[in-house]
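Structure file data29.txt with compact mmCIF, C-alpha atoms:
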# COMPACT_ATOMS: atom_id res chain seq x y z
CA MET A 1 -55.44 23.76 -75.68
CA LYS A 2 -58.96 22.46 -76.01
CA ARG A 3 -61.72 23.43 -73.63
CA ASP A 4 -61.83 20.20 -71.59
CA GLN A 5 -58.04 20.02 -71.41
CA VAL A 6 -57.91 23.56 -70.04
CA LEU A 7 -60.66 22.89 -67.50
CA GLY A 8 -59.03 19.59 -66.48
CA LYS A 9 -55.66 21.24 -65.93
CA VAL A 10 -57.04 24.28 -64.12
CA LEU A 11 -59.61 22.55 -61.92
CA GLY A 12 -57.78 19.24 -61.41
CA PRO A 13 -59.39 16.03 -60.15
CA ALA A 14 -62.64 16.28 -58.20
CA ALA A 15 -61.97 13.17 -56.09
CA PRO A 16 -59.88 13.29 -52.90
CA GLU A 17 -56.22 12.75 -53.65
CA LEU A 18 -52.96 11.89 -51.94
CA THR A 19 -50.25 14.51 -51.42
CA CYS A 20 -46.98 14.35 -53.40
CA GLU A 21 -45.20 12.94 -50.34
CA GLU A 22 -47.81 10.21 -49.85
CA CYS A 23 -47.69 9.46 -53.56
CA PHE A 24 -43.93 8.92 -53.49
CA GLU A 25 -44.29 6.77 -50.39
CA GLU A 26 -46.79 4.46 -52.11
CA LEU A 27 -45.43 4.61 -55.66
CA ASP A 28 -43.51 1.31 -55.66
CA ARG A 29 -46.44 -0.65 -54.21
CA TYR A 30 -48.89 1.03 -56.60
CA VAL A 31 -46.74 0.25 -59.65
CA GLU A 32 -46.45 -3.42 -58.69
CA LEU A 33 -50.22 -3.64 -58.15
CA VAL A 34 -50.84 -2.06 -61.58
CA LEU A 35 -48.36 -4.40 -63.30
CA ALA A 36 -49.86 -7.41 -61.53
CA GLY A 37 -53.35 -6.41 -62.73
CA GLU A 38 -54.58 -5.86 -59.18
CA PRO A 39 -57.19 -3.20 -58.33
CA ALA A 40 -54.55 -0.62 -57.46
CA GLU A 41 -56.90 2.30 -56.82
CA GLU A 42 -59.00 0.23 -54.40
CA ARG A 43 -55.87 -0.72 -52.46
CA ILE A 44 -54.39 2.78 -52.49
CA PRO A 45 -57.30 5.25 -52.62
CA GLY A 46 -56.45 8.72 -53.83
CA MET A 47 -53.44 7.69 -55.90
CA ALA A 48 -55.16 7.77 -59.31
CA PRO A 49 -56.67 11.26 -58.77
CA HIS A 50 -53.28 12.54 -57.65
CA LEU A 51 -51.59 11.15 -60.77
CA GLN A 52 -54.31 12.86 -62.81
CA GLY A 53 -53.68 16.20 -61.10
CA CYS A 54 -49.88 16.20 -60.67
CA PRO A 55 -47.87 16.02 -63.92
CA ALA A 56 -44.54 15.44 -62.11
CA CYS A 57 -45.81 12.51 -60.04
CA ALA A 58 -47.55 11.09 -63.14
CA ASP A 59 -44.17 11.20 -64.91
CA ASP A 60 -42.55 9.37 -62.00
CA PHE A 61 -45.31 6.74 -62.10
CA ARG A 62 -44.91 6.12 -65.85
CA SER A 63 -41.13 5.83 -65.55
CA LEU A 64 -41.23 3.33 -62.68
CA ARG A 65 -44.01 1.32 -64.33
CA ASP A 66 -42.09 1.12 -67.61
CA LEU A 67 -38.75 0.31 -65.98
CA VAL A 68 -40.15 -2.43 -63.74
CA GLY A 69 -42.47 -3.65 -66.50
CA ARG A 70 -39.51 -4.03 -68.84
CA GLU A 71 -37.95 -6.45 -66.39
CA GLY A 72 -40.97 -8.68 -66.71
CA ILE A 73 -44.33 -8.79 -65.04
CA ASP A 74 -43.66 -12.38 -63.94
CA SER A 75 -41.09 -11.13 -61.49
CA ILE A 76 -43.75 -9.12 -59.63
CA ARG A 77 -45.23 -10.90 -56.66
CA MET B 1 -25.16 -1.50 -36.86
CA GLN B 2 -28.69 -1.78 -38.17
CA THR B 3 -30.07 -5.27 -38.64
CA PRO B 4 -32.91 -6.46 -40.89
CA ALA B 5 -35.01 -6.94 -37.76
CA ASP B 6 -34.88 -3.17 -37.18
CA THR B 7 -36.78 -2.45 -40.39
CA ALA B 8 -40.50 -1.69 -40.27
CA ALA B 9 -41.56 -4.97 -41.89
CA ALA B 10 -39.79 -8.03 -43.23
CA PRO B 11 -40.18 -8.35 -47.01
CA GLU B 12 -41.92 -11.45 -48.27
CA ASP B 13 -39.63 -12.23 -51.18
CA GLU B 14 -36.22 -13.82 -50.80
CA SER B 15 -34.41 -11.38 -53.04
CA SER B 16 -35.54 -8.36 -51.03
CA ARG B 17 -34.68 -10.09 -47.75
CA LEU B 18 -31.21 -10.79 -49.08
CA TRP B 19 -30.72 -7.17 -50.18
CA LEU B 20 -31.60 -5.92 -46.70
CA GLU B 21 -29.46 -8.52 -45.02
CA ARG B 22 -26.39 -7.65 -47.10
CA LEU B 23 -26.87 -3.87 -46.89
CA THR B 24 -27.15 -3.99 -43.11
CA ASP B 25 -24.17 -6.34 -42.76
CA SER B 26 -20.62 -5.04 -42.36
CA GLY B 27 -17.30 -5.36 -44.15
CA PRO B 28 -16.78 -6.65 -47.70
CA ARG B 29 -20.27 -8.21 -47.92
CA ARG B 30 -21.91 -4.83 -47.35
CA ASP B 31 -19.43 -3.06 -49.64
CA ALA B 32 -20.27 -5.48 -52.44
CA ALA B 33 -24.00 -4.95 -51.90
CA VAL B 34 -23.60 -1.15 -51.95
CA ALA B 35 -21.63 -1.37 -55.21
CA GLU B 36 -24.29 -3.63 -56.71
CA LEU B 37 -27.02 -1.25 -55.56
CA HIS B 38 -25.20 1.67 -57.19
CA ASP B 39 -25.10 -0.24 -60.48
CA LEU B 40 -28.83 -0.86 -60.21
CA LEU B 41 -29.57 2.80 -59.51
CA LEU B 42 -27.30 3.88 -62.37
CA LYS B 43 -29.27 1.62 -64.71
CA ALA B 44 -32.51 3.29 -63.58
CA ALA B 45 -31.03 6.79 -63.92
CA ARG B 46 -29.79 6.04 -67.45
CA PHE B 47 -33.25 4.72 -68.34
CA GLU B 48 -34.89 7.94 -67.13
CA ILE B 49 -32.39 10.24 -68.81
CA GLY B 50 -32.64 8.23 -72.02
CA ARG B 51 -36.39 8.68 -72.23
CA ARG B 52 -36.04 12.41 -71.57
CA ARG B 53 -33.15 12.92 -73.98
CA ALA B 54 -35.34 14.95 -76.35
CA THR B 55 -35.81 17.63 -73.68
CA LEU B 56 -32.04 18.13 -73.49
CA PRO B 57 -30.99 18.77 -77.10
CA HIS B 58 -28.10 21.04 -76.09
CA LEU B 59 -26.32 18.41 -73.98
CA ARG B 60 -23.47 16.27 -75.29
CA GLY B 61 -23.28 12.50 -74.76
CA GLY B 62 -20.91 12.80 -71.82
CA ASP B 63 -23.26 15.22 -70.08
CA HIS B 64 -26.02 12.63 -70.07
CA GLU B 65 -23.71 10.13 -68.40
CA ASP B 66 -22.61 12.75 -65.84
CA LEU B 67 -26.27 13.41 -64.98
CA ALA B 68 -26.89 9.67 -64.64
CA GLN B 69 -23.88 9.23 -62.34
CA GLN B 70 -24.90 12.19 -60.16
CA SER B 71 -28.46 10.84 -59.97
CA ALA B 72 -27.25 7.37 -59.00
CA ASP B 73 -24.89 8.81 -56.36
CA ASP B 74 -27.67 10.94 -54.80
CA ALA B 75 -30.17 8.09 -54.99
CA LEU B 76 -27.72 5.73 -53.30
CA MET B 77 -27.37 8.14 -50.38
CA ALA B 78 -31.17 8.45 -50.12
CA VAL B 79 -31.74 4.69 -50.23
CA LEU B 80 -29.11 3.94 -47.58
CA ARG B 81 -30.42 6.76 -45.38
CA LYS B 82 -34.00 5.51 -45.65
CA LEU B 83 -33.34 1.79 -45.51
CA ASP B 84 -35.27 1.46 -42.26
CA GLN B 85 -38.34 2.94 -44.00
CA PHE B 86 -38.56 0.09 -46.53
CA ARG B 87 -41.79 -1.66 -45.54
CA GLY B 88 -41.43 -4.73 -47.70
CA GLU B 89 -44.67 -4.01 -49.54
CA SER B 90 -42.92 -4.12 -52.90
CA ARG B 91 -39.72 -5.69 -54.10
CA PHE B 92 -36.66 -3.93 -52.74
CA THR B 93 -35.46 -3.12 -56.25
CA THR B 94 -38.77 -1.43 -57.19
CA TRP B 95 -38.55 0.64 -54.02
CA ALA B 96 -34.93 1.60 -54.72
CA TYR B 97 -35.56 2.42 -58.39
CA LYS B 98 -38.03 5.16 -57.52
CA PHE B 99 -35.27 7.16 -55.81
CA ALA B 100 -33.03 6.99 -58.87
CA LEU B 101 -35.88 7.88 -61.24
CA LEU B 102 -36.87 10.84 -59.07
CA GLU B 103 -33.29 12.15 -58.84
CA ALA B 104 -32.80 11.80 -62.59
CA ALA B 105 -36.18 13.32 -63.51
CA VAL B 106 -35.68 16.35 -61.28
CA LYS B 107 -32.14 16.92 -62.58
CA VAL B 108 -33.27 16.66 -66.20
CA ARG B 109 -36.24 19.00 -65.73
CA ARG B 110 -34.07 21.57 -63.97
CA ARG B 111 -31.35 21.30 -66.62
CA ALA B 112 -33.91 21.67 -69.41
CA TRP B 113 -35.21 24.88 -67.82
CA GLN B 114 -31.81 26.27 -66.88
CA GLY B 115 -31.63 29.91 -68.01
CA ARG B 116 -35.23 29.93 -69.21
CA GLU B 117 -37.72 32.40 -67.83
CA ILE B 118 -40.95 31.16 -66.28
CA PRO B 119 -43.72 32.14 -68.76
CA VAL B 120 -45.69 35.21 -67.74
CA GLU B 121 -49.37 35.13 -66.89
CA ALA B 122 -50.48 36.78 -70.12
CA GLU B 123 -49.54 33.68 -72.11
CA ALA B 124 -51.86 31.59 -69.98
CA TRP B 125 -54.78 33.93 -70.51
CA ALA B 126 -54.45 33.29 -74.24
CA ALA B 127 -55.03 29.57 -73.62
CA LEU B 128 -58.12 30.37 -71.57
CA ALA B 129 -59.39 32.76 -74.21
CA ASP B 130 -58.89 30.23 -77.02
CA ALA B 131 -60.66 27.50 -75.08
CA GLY B 132 -63.64 29.77 -74.41
CA GLU B 133 -63.78 31.36 -77.85
CA PRO B 134 -67.51 31.92 -78.55
CA ALA B 135 -67.21 31.13 -82.24
CA VAL B 136 -65.80 27.73 -81.35
CA ARG B 137 -67.61 26.74 -78.16
CA GLY B 138 -70.72 28.87 -77.83
CA ALA B 139 -71.83 31.64 -75.51
CA GLU B 140 -72.14 29.49 -72.38
CA ASP B 141 -68.52 28.42 -72.56
CA ALA B 142 -67.41 31.97 -73.19
CA GLU B 143 -69.21 32.94 -69.98
CA LEU B 144 -67.66 30.02 -68.06
CA PHE B 145 -64.14 31.00 -69.10
CA ARG B 146 -64.80 34.68 -68.36
CA VAL B 147 -65.92 33.76 -64.82
CA LEU B 148 -63.04 31.31 -64.44
CA ARG B 149 -60.53 34.01 -65.33
CA GLU B 150 -62.17 36.38 -62.86
CA GLU B 151 -61.95 33.81 -60.10
CA ILE B 152 -58.32 33.00 -60.91
CA GLU B 153 -57.59 36.71 -60.43
CA ARG B 154 -59.14 36.46 -56.95
CA LEU B 155 -56.89 33.62 -55.74
CA THR B 156 -54.05 34.46 -53.38
CA PRO B 157 -50.93 35.63 -55.27
CA ARG B 158 -49.07 32.38 -54.46
CA GLN B 159 -52.02 30.19 -55.48
CA ARG B 160 -52.41 32.10 -58.76
CA GLU B 161 -48.69 31.98 -59.47
CA VAL B 162 -48.51 28.21 -59.02
CA LEU B 163 -51.77 27.50 -60.87
CA VAL B 164 -50.83 29.60 -63.88
CA ALA B 165 -47.24 28.32 -64.08
CA VAL B 166 -47.89 24.61 -63.52
CA ALA B 167 -51.44 24.03 -64.78
CA LEU B 168 -51.61 26.49 -67.67
CA ASN B 169 -48.03 27.14 -68.74
CA GLY B 170 -46.67 23.63 -68.17
CA VAL B 171 -43.75 24.67 -65.97
CA PRO B 172 -42.47 21.55 -64.15
CA ILE B 173 -43.34 21.83 -60.47
CA ASP B 174 -39.75 20.94 -59.43
CA VAL B 175 -38.42 23.81 -61.54
CA LEU B 176 -40.88 26.24 -60.01
CA ALA B 177 -40.06 24.93 -56.53
CA GLU B 178 -36.36 25.58 -57.11
CA ARG B 179 -37.01 29.13 -58.36
CA LEU B 180 -39.31 29.92 -55.44
CA GLY B 181 -37.16 28.22 -52.81
CA SER B 182 -39.97 25.81 -52.02
CA SER B 183 -40.70 22.09 -52.44
CA ARG B 184 -42.83 20.04 -54.82
CA GLY B 185 -45.14 19.05 -51.98
CA ALA B 186 -45.65 22.60 -50.73
CA LEU B 187 -46.36 23.95 -54.21
CA TYR B 188 -48.74 21.11 -55.01
CA LYS B 189 -50.63 22.02 -51.83
CA ASN B 190 -50.95 25.57 -53.20
CA LEU B 191 -52.19 24.17 -56.52
CA HIS B 192 -54.63 21.82 -54.80
CA ASP B 193 -56.04 24.62 -52.63
CA ALA B 194 -56.38 26.89 -55.68
CA ARG B 195 -58.30 24.20 -57.57
CA ARG B 196 -60.64 23.53 -54.61
CA SER B 197 -61.27 27.23 -54.29
CA LEU B 198 -62.04 27.63 -58.01
CA ARG B 199 -64.41 24.65 -58.02
CA ASP B 200 -66.27 26.05 -55.00
CA ARG B 201 -66.50 29.56 -56.44
CA LEU B 202 -67.66 28.33 -59.86
CA ALA B 203 -70.33 26.23 -58.13
CA ARG B 204 -71.52 29.26 -56.15
CA ARG B 205 -71.83 31.17 -59.42
CA GLY B 206 -73.96 28.46 -61.00
CA PHE B 207 -71.35 26.42 -62.89
CA ARG B 208 -71.16 22.78 -61.92
CA ILE B 209 -68.09 20.99 -63.23
CA ASP B 210 -67.81 17.20 -62.98
CA GLY B 211 -64.66 15.27 -62.16
CA ASP B 212 -63.20 15.37 -65.66
CA GLY B 213 -63.78 19.06 -66.23
CA GLU B 214 -67.09 18.57 -68.02
CA GLU B 215 -69.58 21.27 -67.21
CA GLU B 216 -73.03 20.21 -65.94
CA ARG B 217 -75.71 22.88 -66.00

Take the structure in the file and give it back as structure tokens.
Amino acid sequence: MKRDQVLGKVLGPAAPELTCEECFEELDRYVELVLAGEPAEERIPGMAPHLQGCPACADDFRSLRDLVGREGIDSIR
Amino acid sequence: MQTPADTAAAPEDESSRLWLERLTDSGPRRDAAVAELHDLLLKAARFEIGRRRATLPHLRGGDHEDLAQQSADDALMAVLRKLDQFRGESRFTTWAYKFALLEAAVKVRRRAWQGREIPVEAEAWAALADAGEPAVRGAEDAELFRVLREEIERLTPRQREVLVAVALNGVPIDVLAERLGSSRGALYKNLHDARRSLRDRLARRGFRIDGDGEEER
């Protein structure tokens, strides 16, 4: 691993972040905001830092985004 | 019998309203909605298992479908149990999908690590040593990584265990949680506290690291 990768993984995000439980609670809303091009991080503060620091939740985010995105962004309110 | 009015908030879109109405109805109308929901969750579980297929090279085709079915069954129970927690802030289907994706992802990660040992700490120190190799990064980085390793040694045993396994050795947090008899949330709290502690201790020793892990001196 490169230096910055190691530091990033060990030290995690500096900004305040949601917990895993809060992340799961907000995940569906966050994904729809992202797919609709809305300012998702402004609406759900702490989500982006958590996804940066938690590989499992980041995986869940990518899966839901890709599954819902595949169905078409037009179907998102 | 629960009614849509019992839920925390009425969804804005017609499709979600209809899902709630049917799932909280009774008789054949509800049965049909539950069957339809199961199909939807199965689709999501198959999607998740399909994208993780490479992590399960030893499984046969039928095993993937079994995992998808189990994930859909478990997700269906979770969705029906938590129906009154749907706040209507996303489409119902997006909300429901996340349960199927979570069930499938956790099952795949656990299956992929079945019978595998959690990597020992020594392997992680090699990554730290490589990243701080003086010939590659210079003396200041070598000092930073030496101090970082020292401070990792001073964490509580649980914090160090979680940090090394998840952050340095790439062990999925669900897998570690299962081995330790804990939960993803509890272990992430350990990881979060360890990271805060390391940032504070590095700062006290004169190393200032910005949000992306870049050192500012």

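With distances taken over all atoms listed in the file, A:Glu32 is the one residue among A:Pro45, A:Glu32, A:His50, A:Pro39 lying closest to Leu64 (chain A).
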
Counting all atoms listed in the file, what are the residues of chain B within 9 Å of chain A, and for each of them which pair of atoms is the nearest and at what distance in Å, to one decimal? Sort the table by chain and rising number, as a tab-separated table.
residue	atom	partner	partner_atom	distance
B:Asp13	CA	A:Arg77	CA	7.9
B:Ala44	CA	A:Leu67	CA	7.3
B:Phe47	CA	A:Leu67	CA	7.4
B:Glu48	CA	A:Ser63	CA	6.8
B:Arg51	CA	A:Ser63	CA	8.7
B:Glu89	CA	A:Arg29	CA	6.0
B:Ser90	CA	A:Arg29	CA	5.1
B:Arg91	CA	A:Ile76	CA	7.7
B:Thr93	CA	A:Val68	CA	8.9
B:Thr94	CA	A:Asp28	CA	5.7
B:Trp95	CA	A:Asp28	CA	5.3
B:Ala96	CA	A:Asp28	CA	8.6
B:Tyr97	CA	A:Leu64	CA	7.2
B:Lys98	CA	A:Leu64	CA	6.3
B:Leu101	CA	A:Asp60	CA	6.9
B:Leu102	CA	A:Asp60	CA	6.6
B:Ala105	CA	A:Asp60	CA	7.6
B:Val106	CA	A:Ala56	CA	8.9
B:Ala127	CA	A:Met1	CA	6.2
B:Leu128	CA	A:Val6	CA	7.0
B:Asp130	CA	A:Met1	CA	7.5
B:Ala131	CA	A:Arg3	CA	4.4
B:Gly132	CA	A:Arg3	CA	6.7
B:Arg137	CA	A:Arg3	CA	8.1
B:Asp141	CA	A:Arg3	CA	8.5
B:Phe145	CA	A:Leu7	CA	9.0
B:Leu163	CA	A:Val10	CA	7.0
B:Val164	CA	A:Val10	CA	8.2
B:Val166	CA	A:Pro55	CA	8.6
B:Ala167	CA	A:Lys9	CA	5.2
B:Leu168	CA	A:Val10	CA	6.9
B:Gly170	CA	A:Pro55	CA	8.8
B:Pro172	CA	A:Ala56	CA	6.8
B:Ile173	CA	A:Ala56	CA	6.7
B:Asp174	CA	A:Ala56	CA	7.8
B:Arg184	CA	A:Cys20	CA	7.2
B:Gly185	CA	A:Cys20	CA	5.2
B:Ala186	CA	A:Cys20	CA	8.8
B:Tyr188	CA	A:Cys20	CA	7.2
B:Lys189	CA	A:Thr19	CA	7.5
B:Leu191	CA	A:Gly12	CA	8.9
B:His192	CA	A:Gly12	CA	7.8
B:Ala194	CA	A:Leu11	CA	8.3
B:Arg195	CA	A:Leu11	CA	4.8
B:Arg196	CA	A:Leu11	CA	7.4
B:Leu198	CA	A:Leu11	CA	6.9
B:Arg199	CA	A:Leu11	CA	6.5
B:Ile209	CA	A:Leu11	CA	8.7
B:Asp210	CA	A:Ala14	CA	7.1
B:Gly211	CA	A:Ala14	CA	4.6
B:Asp212	CA	A:Gly8	CA	6.0
B:Gly213	CA	A:Gly8	CA	4.8
B:Glu214	CA	A:Asp4	CA	6.6
B:Glu215	CA	A:Asp4	CA	9.0

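Closest approach to Ala165 (chain B) among B:Glu150, B:Glu117, B:Asp31, B:Asp200: B:Glu117, based on only C-alpha atoms.
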
Practice problem: Identify which of the residues B:Ala75, B:Leu80, B:Ala68, B:Ala203 lies closest to Val147 (chain B), counting only C-alpha atoms when measuring atom-to-atom distances. | Solution: B:Ala203

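CA of Lys107 (chain B) lies 27.0 Å from CA of Arg87 (chain B).
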
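The space separating CA of Arg46 (chain B) from CA of Gly69 (chain A) comes to 16.0 Å.
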